[in-house]
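Structure data follow from entry-v1.cif (mmCIF, C-alpha atoms (C1' of nucleotides)):
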```cif
data_query
loop_
_atom_site.label_atom_id
_atom_site.label_comp_id
_atom_site.auth_asym_id
_atom_site.auth_seq_id
_atom_site.Cartn_x
_atom_site.Cartn_y
_atom_site.Cartn_z
CA MET A 1 116.53 99.25 76.39
CA THR A 2 116.99 99.75 80.13
CA ILE A 3 115.00 97.89 82.73
CA SER A 4 112.78 100.88 83.45
CA GLU A 5 111.95 101.27 79.78
CA ILE A 6 110.93 97.63 79.49
CA SER A 7 109.10 97.97 82.75
CA LYS A 8 106.99 100.81 81.39
CA LYS A 9 106.52 99.25 77.97
CA CYS A 10 105.36 95.89 79.30
CA ASN A 11 103.84 97.13 82.53
CA ILE A 12 105.89 94.79 84.68
CA SER A 13 107.87 96.04 87.67
CA PRO A 14 111.68 96.08 87.48
CA ASP A 15 111.73 93.74 90.48
CA THR A 16 109.58 91.25 88.64
CA LEU A 17 111.76 91.49 85.53
CA ARG A 18 114.87 90.77 87.61
CA TYR A 19 113.02 87.96 89.34
CA TYR A 20 112.01 86.39 86.03
CA GLU A 21 115.59 86.55 84.85
CA LYS A 22 116.86 85.03 88.09
CA VAL A 23 114.51 82.06 87.89
CA GLY A 24 115.13 81.45 84.21
CA LEU A 25 112.14 82.93 82.41
CA LEU A 26 114.45 85.21 80.46
CA SER A 27 117.69 83.97 79.07
CA TYR A 28 120.49 86.01 80.67
CA VAL A 29 120.05 89.62 79.59
CA ASN A 30 123.17 91.37 78.26
CA ARG A 31 124.75 94.13 80.35
CA THR A 32 126.47 97.36 79.38
CA SER A 33 130.11 97.79 80.37
CA GLY A 34 128.80 99.31 83.59
CA GLY A 35 126.84 96.16 84.38
CA ILE A 36 123.41 97.56 83.52
CA ARG A 37 120.84 95.36 81.76
CA ASN A 38 120.39 96.20 78.09
CA TYR A 39 117.25 94.53 76.76
CA THR A 40 116.98 93.74 73.06
CA GLU A 41 113.75 93.63 71.04
CA GLN A 42 114.00 89.86 71.35
CA ASP A 43 114.15 90.07 75.13
CA CYS A 44 111.17 92.38 75.03
CA ALA A 45 109.14 89.95 72.93
CA GLN A 46 110.01 87.19 75.36
CA VAL A 47 108.93 89.30 78.31
CA GLU A 48 105.62 89.90 76.53
CA PHE A 49 105.22 86.19 75.97
CA VAL A 50 105.95 85.39 79.61
CA LYS A 51 103.55 88.08 80.74
CA CYS A 52 100.81 86.76 78.50
CA MET A 53 101.29 83.17 79.65
CA ARG A 54 101.52 84.15 83.30
CA SER A 55 98.32 86.16 83.22
CA ALA A 56 96.56 83.25 81.54
CA GLY A 57 97.61 81.20 84.53
CA LEU A 58 100.65 79.19 83.44
CA SER A 59 102.87 78.70 86.45
CA ILE A 60 106.42 79.94 86.79
CA GLU A 61 107.41 76.29 87.06
CA VAL A 62 105.94 75.37 83.68
CA LEU A 63 107.58 78.33 82.00
CA GLN A 64 110.91 77.43 83.64
CA LYS A 65 110.56 73.96 82.18
CA TYR A 66 109.82 75.42 78.75
CA PHE A 67 112.85 77.69 78.70
CA GLU A 68 115.02 75.02 80.18
CA LEU A 69 114.08 72.77 77.24
CA PHE A 70 114.82 75.69 74.97
CA LYS A 71 118.35 76.01 76.27
CA ARG A 72 118.94 72.35 75.46
CA GLY A 73 118.46 73.12 71.78
CA LYS A 74 116.73 71.70 68.73
CA SER A 75 116.46 68.19 70.13
CA THR A 76 113.73 69.41 72.46
CA LEU A 77 111.45 70.88 69.77
CA LYS A 78 108.92 68.08 70.16
CA ALA A 79 108.96 68.24 73.94
CA ARG A 80 108.36 71.98 73.86
CA ARG A 81 105.54 71.60 71.36
CA ASP A 82 103.92 69.00 73.59
CA LEU A 83 104.36 71.10 76.69
CA LEU A 84 102.60 74.01 74.98
CA ALA A 85 99.86 71.74 73.65
CA LYS A 86 99.23 70.40 77.14
CA GLU A 87 99.02 73.88 78.61
CA ARG A 88 96.73 74.86 75.78
CA GLU A 89 94.37 72.05 76.76
CA ASN A 90 94.41 73.19 80.37
CA LEU A 91 93.51 76.70 79.27
CA GLN A 92 90.74 75.35 77.06
CA MET A 93 89.28 73.62 80.09
CA ARG A 94 89.50 76.71 82.22
CA PHE A 95 87.97 78.63 79.33
CA ARG A 96 84.88 76.45 79.35
CA GLU A 97 84.61 76.59 83.12
CA LEU A 98 84.87 80.35 82.98
CA GLN A 99 82.11 80.47 80.39
CA ASP A 100 79.85 78.40 82.66
CA THR A 101 80.64 80.55 85.67
CA ILE A 102 79.79 83.70 83.76
CA LYS A 103 76.47 82.15 82.75
CA ARG A 104 75.85 81.21 86.36
CA LEU A 105 76.55 84.76 87.46
CA ASP A 106 74.25 86.09 84.75
CA TYR A 107 71.47 83.93 86.08
CA LYS A 108 72.13 84.98 89.66
CA ILE A 109 72.17 88.64 88.68
CA SER A 110 68.84 88.20 86.89
CA VAL A 111 67.39 86.68 90.06
CA TYR A 112 68.63 89.72 91.96
CA ASP A 113 67.03 92.03 89.43
CA LYS A 114 63.71 90.27 89.88
CA ALA A 115 63.99 90.47 93.66
CA LEU A 116 64.80 94.17 93.40
CA LYS A 117 61.72 94.86 91.26
CA SER A 118 59.28 93.04 93.51
CA LYS A 119 60.83 94.85 96.49
CA SER A 120 60.08 92.09 98.93
CA LYS A 121 61.95 88.85 98.56
CA GLU A 122 65.25 87.83 100.09
CA LEU A 123 67.43 85.20 98.45
CA LYS A 124 69.05 82.12 99.86
CA PHE A 125 72.61 83.34 99.33
CA MET B 1 75.83 65.66 106.32
CA THR B 2 79.18 65.38 108.04
CA ILE B 3 82.23 67.30 106.94
CA SER B 4 83.77 64.28 105.26
CA GLU B 5 80.60 63.66 103.26
CA ILE B 6 80.54 67.24 102.00
CA SER B 7 84.24 67.00 101.42
CA LYS B 8 83.78 64.03 99.11
CA LYS B 9 80.67 65.38 97.44
CA CYS B 10 82.20 68.74 96.62
CA ASN B 11 85.80 67.64 96.35
CA ILE B 12 87.03 70.18 98.86
CA SER B 13 89.22 69.17 101.79
CA PRO B 14 87.74 69.27 105.31
CA ASP B 15 90.45 71.75 106.25
CA THR B 16 89.37 74.07 103.48
CA LEU B 17 85.72 73.74 104.49
CA ARG B 18 86.58 74.68 108.07
CA TYR B 19 88.73 77.51 106.78
CA TYR B 20 85.90 78.85 104.62
CA GLU B 21 83.58 78.77 107.59
CA LYS B 22 86.12 80.50 109.80
CA VAL B 23 86.62 83.40 107.38
CA GLY B 24 82.91 83.82 106.68
CA LEU B 25 82.33 82.14 103.33
CA LEU B 26 79.78 79.83 104.96
CA SER B 27 77.32 81.13 107.47
CA TYR B 28 77.93 79.28 110.74
CA VAL B 29 77.22 75.59 110.15
CA ASN B 30 74.97 73.88 112.73
CA ARG B 31 76.52 71.32 115.08
CA THR B 32 75.15 68.12 116.57
CA SER B 33 74.82 67.91 120.36
CA GLY B 34 78.36 66.52 120.31
CA GLY B 35 79.67 69.60 118.53
CA ILE B 36 80.07 68.02 115.11
CA ARG B 37 79.22 69.99 111.98
CA ASN B 38 75.97 68.95 110.34
CA TYR B 39 75.71 70.43 106.86
CA THR B 40 72.27 71.01 105.30
CA GLU B 41 71.50 70.90 101.57
CA GLN B 42 71.55 74.68 101.70
CA ASP B 43 75.06 74.69 103.14
CA CYS B 44 76.07 72.27 100.44
CA ALA B 45 74.70 74.50 97.69
CA GLN B 46 76.59 77.42 99.17
CA VAL B 47 79.81 75.42 99.26
CA GLU B 48 79.29 74.59 95.59
CA PHE B 49 78.76 78.27 94.83
CA VAL B 50 81.89 79.29 96.71
CA LYS B 51 83.89 76.58 94.99
CA CYS B 52 82.68 77.66 91.59
CA MET B 53 83.44 81.34 92.22
CA ARG B 54 86.83 80.54 93.74
CA SER B 55 87.92 78.43 90.82
CA ALA B 56 86.83 81.16 88.43
CA GLY B 57 89.22 83.42 90.32
CA LEU B 58 87.06 85.49 92.69
CA SER B 59 89.13 86.23 95.78
CA ILE B 60 88.26 85.13 99.30
CA GLU B 61 88.06 88.82 100.13
CA VAL B 62 85.35 89.52 97.55
CA LEU B 63 83.31 86.52 98.69
CA GLN B 64 83.69 87.64 102.30
CA LYS B 65 82.30 91.01 101.30
CA TYR B 66 79.39 89.34 99.52
CA PHE B 67 78.39 87.18 102.46
CA GLU B 68 78.93 90.01 104.87
CA LEU B 69 76.41 92.07 102.88
CA PHE B 70 74.13 89.06 102.95
CA LYS B 71 74.15 88.94 106.71
CA ARG B 72 73.06 92.57 106.81
CA GLY B 73 69.78 91.59 105.15
CA LYS B 74 67.47 92.81 102.41
CA SER B 75 68.74 96.35 102.45
CA THR B 76 71.91 95.16 100.74
CA LEU B 77 70.22 93.46 97.76
CA LYS B 78 71.35 96.17 95.37
CA ALA B 79 74.89 96.22 96.71
CA ARG B 80 75.18 92.45 96.30
CA ARG B 81 73.77 92.58 92.79
CA ASP B 82 76.31 95.25 91.88
CA LEU B 83 79.16 93.33 93.46
CA LEU B 84 78.26 90.27 91.38
CA ALA B 85 77.86 92.36 88.24
CA LYS B 86 81.30 93.87 88.75
CA GLU B 87 82.91 90.47 89.24
CA ARG B 88 81.06 89.22 86.18
CA GLU B 89 82.67 92.01 84.15
CA ASN B 90 86.10 91.06 85.48
CA LEU B 91 85.51 87.46 84.45
CA GLN B 92 84.32 88.59 81.02
CA MET B 93 87.59 90.44 80.59
CA ARG B 94 89.65 87.46 81.68
CA PHE B 95 87.53 85.34 79.37
CA ARG B 96 88.50 87.39 76.35
CA GLU B 97 92.16 87.45 77.39
CA LEU B 98 92.09 83.70 77.77
CA GLN B 99 90.61 83.34 74.31
CA ASP B 100 93.42 85.46 72.87
CA THR B 101 96.07 83.50 74.75
CA ILE B 102 94.67 80.22 73.46
CA LYS B 103 94.81 81.59 69.92
CA ARG B 104 98.37 82.69 70.51
CA LEU B 105 99.31 79.23 71.74
CA ASP B 106 97.59 77.67 68.73
CA TYR B 107 99.70 79.80 66.46
CA LYS B 108 102.87 78.97 68.35
CA ILE B 109 102.09 75.29 68.25
CA SER B 110 101.53 75.49 64.49
CA VAL B 111 104.94 77.12 64.14
CA TYR B 112 106.43 74.24 66.10
CA ASP B 113 104.67 71.75 63.86
CA LYS B 114 106.15 73.41 60.82
CA ALA B 115 109.62 73.39 62.35
CA LEU B 116 109.24 69.73 63.23
CA LYS B 117 108.29 68.84 59.66
CA SER B 118 111.18 70.67 58.03
CA LYS B 119 113.50 69.07 60.60
CA SER B 120 115.96 71.91 60.58
CA LYS B 121 114.84 75.20 62.02
CA GLU B 122 115.12 76.43 65.58
CA LEU B 123 112.73 79.05 66.91
CA LYS B 124 113.39 82.25 68.75
CA PHE B 125 111.70 81.15 71.98
"C1'" DA C 1 134.81 116.22 92.50
"C1'" DT C 2 130.59 115.76 94.42
"C1'" DA C 3 125.51 115.27 94.48
"C1'" DG C 4 121.99 112.72 92.78
"C1'" DC C 5 119.80 109.32 90.45
"C1'" DA C 6 119.11 104.95 88.01
"C1'" DG C 7 120.81 100.82 88.25
"C1'" DT C 8 123.13 96.48 90.59
"C1'" DT C 9 123.13 92.29 94.00
"C1'" DG C 10 121.80 88.81 97.53
"C1'" DG C 11 118.68 87.99 100.52
"C1'" DA C 12 114.78 88.95 103.60
"C1'" DG C 13 109.80 90.01 103.86
"C1'" DT C 14 104.94 89.84 102.26
"C1'" DT C 15 100.42 88.11 100.73
"C1'" DA C 16 96.71 84.94 99.63
"C1'" DA C 17 94.94 80.76 100.33
"C1'" DC C 18 95.30 77.09 102.02
"C1'" DT C 19 97.31 72.87 104.83
"C1'" DC C 20 99.01 70.69 108.76
"C1'" DC C 21 99.46 69.73 113.66
"C1'" DA C 22 98.76 68.82 118.64
"C1'" DA C 23 95.75 68.16 122.07
"C1'" DG C 24 91.39 67.11 123.12
"C1'" DT C 25 86.22 65.22 122.69
"C1'" DC C 26 82.69 61.94 121.68
"C1'" DA C 27 79.97 57.92 120.02
"C1'" DA C 28 80.26 53.07 118.86
"C1'" DG C 29 81.83 48.49 119.17
"C1'" DC C 30 84.20 44.84 121.74
"C1'" DG D 1 85.45 50.57 130.75
"C1'" DC D 2 88.61 50.83 126.99
"C1'" DT D 3 90.05 51.36 122.24
"C1'" DT D 4 89.28 53.27 117.85
"C1'" DG D 5 88.37 56.55 114.56
"C1'" DA D 6 86.16 60.63 112.98
"C1'" DC D 7 85.57 64.89 114.59
"C1'" DT D 8 86.73 69.44 117.23
"C1'" DT D 9 89.74 73.79 118.13
"C1'" DG D 10 93.41 77.40 117.87
"C1'" DG D 11 97.26 78.28 115.90
"C1'" DA D 12 101.54 77.33 113.35
"C1'" DG D 13 103.55 76.12 108.83
"C1'" DT D 14 103.71 76.07 103.72
"C1'" DT D 15 103.74 77.53 98.86
"C1'" DA D 16 103.85 80.47 94.83
"C1'" DA D 17 104.97 84.61 93.15
"C1'" DC D 18 106.30 88.41 93.85
"C1'" DT D 19 108.09 92.83 96.47
"C1'" DC D 20 111.13 95.26 99.30
"C1'" DC D 21 115.53 96.46 101.36
"C1'" DA D 22 120.36 97.73 102.33
"C1'" DA D 23 124.56 98.47 100.64
"C1'" DC D 24 126.93 99.45 96.74
"C1'" DT D 25 128.32 101.21 91.75
"C1'" DG D 26 128.68 104.21 88.00
"C1'" DC D 27 127.13 107.92 84.80
"C1'" DT D 28 125.80 112.91 84.39
"C1'" DA D 29 125.29 117.59 85.39
"C1'" DT D 30 126.64 121.30 88.18
#
```

This entry written out as structure tokens:
Amino acid sequence: MTISEISKKCNISPDTLRYYEKVGLLSYVNRTSGGIRNYTEQDCAQVEFVKCMRSAGLSIEVLQKYFELFKRGKSTLKARRDLLAKERENLQMRFRELQDTIKRLDYKISVYDKALKSKSKELKF
Amino acid sequence: MTISEISKKCNISPDTLRYYEKVGLLSYVNRTSGGIRNYTEQDCAQVEFVKCMRSAGLSIEVLQKYFELFKRGKSTLKARRDLLAKERENLQMRFRELQDTIKRLDYKISVYDKALKSKSKELKF
DNA sequence: ATAGCAGTTGGAGTTAACTCCAAGTCAAGC
DNA sequence: GCTTGACTTGGAGTTAACTCCAACTGCTAT
């Protein structure tokens, strides 16, 4: 697959794909004889993984660390597991915070709805 | 309350508090005769609100818009309600994505645990 | 064989959201 | 009256994560 195909499929810009490769979030992608990137299904799955983790909020730095461990081979299995587990815990925390914030917004919206019905009050902020 | 008191109470740096005021996320904070900020309980509650929304991911720009509407008075009640409702929907979406990502990480971690037990396999990434 | 387009590279530029700095002010204690 | 320390301001600097650019290469179709 060419870079534009992956770009469309994963909805990530070619520039971002090249950037991810440059900083080590994709192991070096094979090139055709003409020097053009030729993504495999594997590469594609990895791009999807990176995209998913990035949009959940994992930093580039953490993902670099993960793939760097990967390159070092089987001896880093435990370290990688632990890295993922730690990030999982971070997400869990953000998950609960997000839940609370949504509840808070629900309450605030309900206060607005009341104010709108009574057509008189102003709120504090 | 002085800026350093609020800073401690809300765990936001004085620089950030001044920045928020400058860009309109806090209505102008009263000063003492000597020109020093003197935060009220109200201000404090607003700081808490901003902090909560910011850490949930609402942009400075959206919060600026919200407080700008606020300054325009009661006529913008509906607009503010709708702005909050829209942001709430965004958060709800991110909430579900986060849930999925956590599940995905759980699965990946379980795969790692299996690999660690069998002490032989390497994973794809 | 040439026009045109998709791709390549290294490196510069952009954006959001802070964060830091220099120069100055003010109240309090010695 | 002078030092100290917390505060003030406007504005410059930083960081993460892209995003854009210029100059170039190499297929493909006319």

12 Å contacts from chain C to chain B using all atoms listed in the file, as a ChimeraX atom specification: /C:16-21,25-27

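Using only C-alpha atoms (C1' of nucleotides), the set of residues no farther than 10 Å from the position (72.4, 67.9, 103.9) comprises Met1, Thr2, Glu5, Ile6, Asn38, Tyr39, Thr40, Glu41, Gln42, Asp43, Cys44 and Ala45 of chain B.
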
The PyMOL selection byres ((chain B) within 8 of (chain A)) applied to the shown file, residues as a PyMOL selection string: chain B and resi 46+52-53+56+67+70+73-74+77-78+81+84-85+88+91-92+95+97-99+101-102+105-106+109+112-113+116+121-122+125

Neighbours of chain A in chain D at 10 Å, counting only C-alpha atoms (C1' of nucleotides), as a list in words: DA16, DA17, DC18, DT19, DC20, DT25, DG26 and DC27 of chain D

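Of note, atom C1' of DT15 of chain C and atom CA of Val23 of chain B are spaced 16.0 Å apart.
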
Residues in the PyMOL selection byres ((chain C and resi 3) around 9), expressed as an MDAnalysis selection string: (chainID C and resid 2 4) or (chainID D and resid 30)

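Distances here use all atoms listed in the file; by that measure, the residue among A:Lys22, A:Lys117, A:Lys9, A:Lys86 closest to Val47 of chain A is A:Lys9.
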
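Across the model, the gap from atom CA of Leu58 of chain A to atom C1' of DT9 of chain C is 28.1 Å.
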
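Our summary of the geometry notes that atom CA of Val29 of chain A is positioned 10.4 Å from atom CA of Leu17 of chain A.
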
I'd like to see the residues matched by the PyMOL selection byres ((chain C and resi 23) around 12) on this file, and ideally I'd get them as a PDB file with C-alpha atoms (C1' of nucleotides), in the frame of the given file.
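selection-v9.pdb, written as the output of this step:
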```pdb
ATOM      1  C1'  DC C  21      99.460  69.730 113.660  1.00  0.00           C
ATOM      2  C1'  DA C  22      98.760  68.820 118.640  1.00  0.00           C
ATOM      3  C1'  DG C  24      91.390  67.110 123.120  1.00  0.00           C
ATOM      4  C1'  DT C  25      86.220  65.220 122.690  1.00  0.00           C
TER       5       DT C  25
ATOM      6  C1'  DT D   8      86.730  69.440 117.230  1.00  0.00           C
ATOM      7  C1'  DT D   9      89.740  73.790 118.130  1.00  0.00           C
ATOM      8  C1'  DG D  10      93.410  77.400 117.870  1.00  0.00           C
ATOM      9  C1'  DG D  11      97.260  78.280 115.900  1.00  0.00           C
TER      10       DG D  11
END
```

At a cut-off of 12 Å from (124.6, 99.0, 101.5) in the coordinates of the file, what residues are picked up using all atoms listed in the file, written as an mmCIF file with C-alpha atoms (C1' of nucleotides), in the coordinates of the input?
```
data_model
loop_
_atom_site.group_PDB
_atom_site.id
_atom_site.type_symbol
_atom_site.label_atom_id
_atom_site.label_comp_id
_atom_site.auth_asym_id
_atom_site.auth_seq_id
_atom_site.Cartn_x
_atom_site.Cartn_y
_atom_site.Cartn_z
ATOM 1 C "C1'" DT C 8 123.130 96.480 90.590
ATOM 2 C "C1'" DT C 9 123.130 92.290 94.000
ATOM 3 C "C1'" DG C 10 121.800 88.810 97.530
ATOM 4 C "C1'" DC D 21 115.530 96.460 101.360
ATOM 5 C "C1'" DA D 22 120.360 97.730 102.330
ATOM 6 C "C1'" DA D 23 124.560 98.470 100.640
ATOM 7 C "C1'" DC D 24 126.930 99.450 96.740
ATOM 8 C "C1'" DT D 25 128.320 101.210 91.750
#
```

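Minimum distance to DC30 of chain C across D:DC2, D:DA12, D:DA29, D:DC7 (counting only C-alpha atoms (C1' of nucleotides)) occurs at D:DC2.
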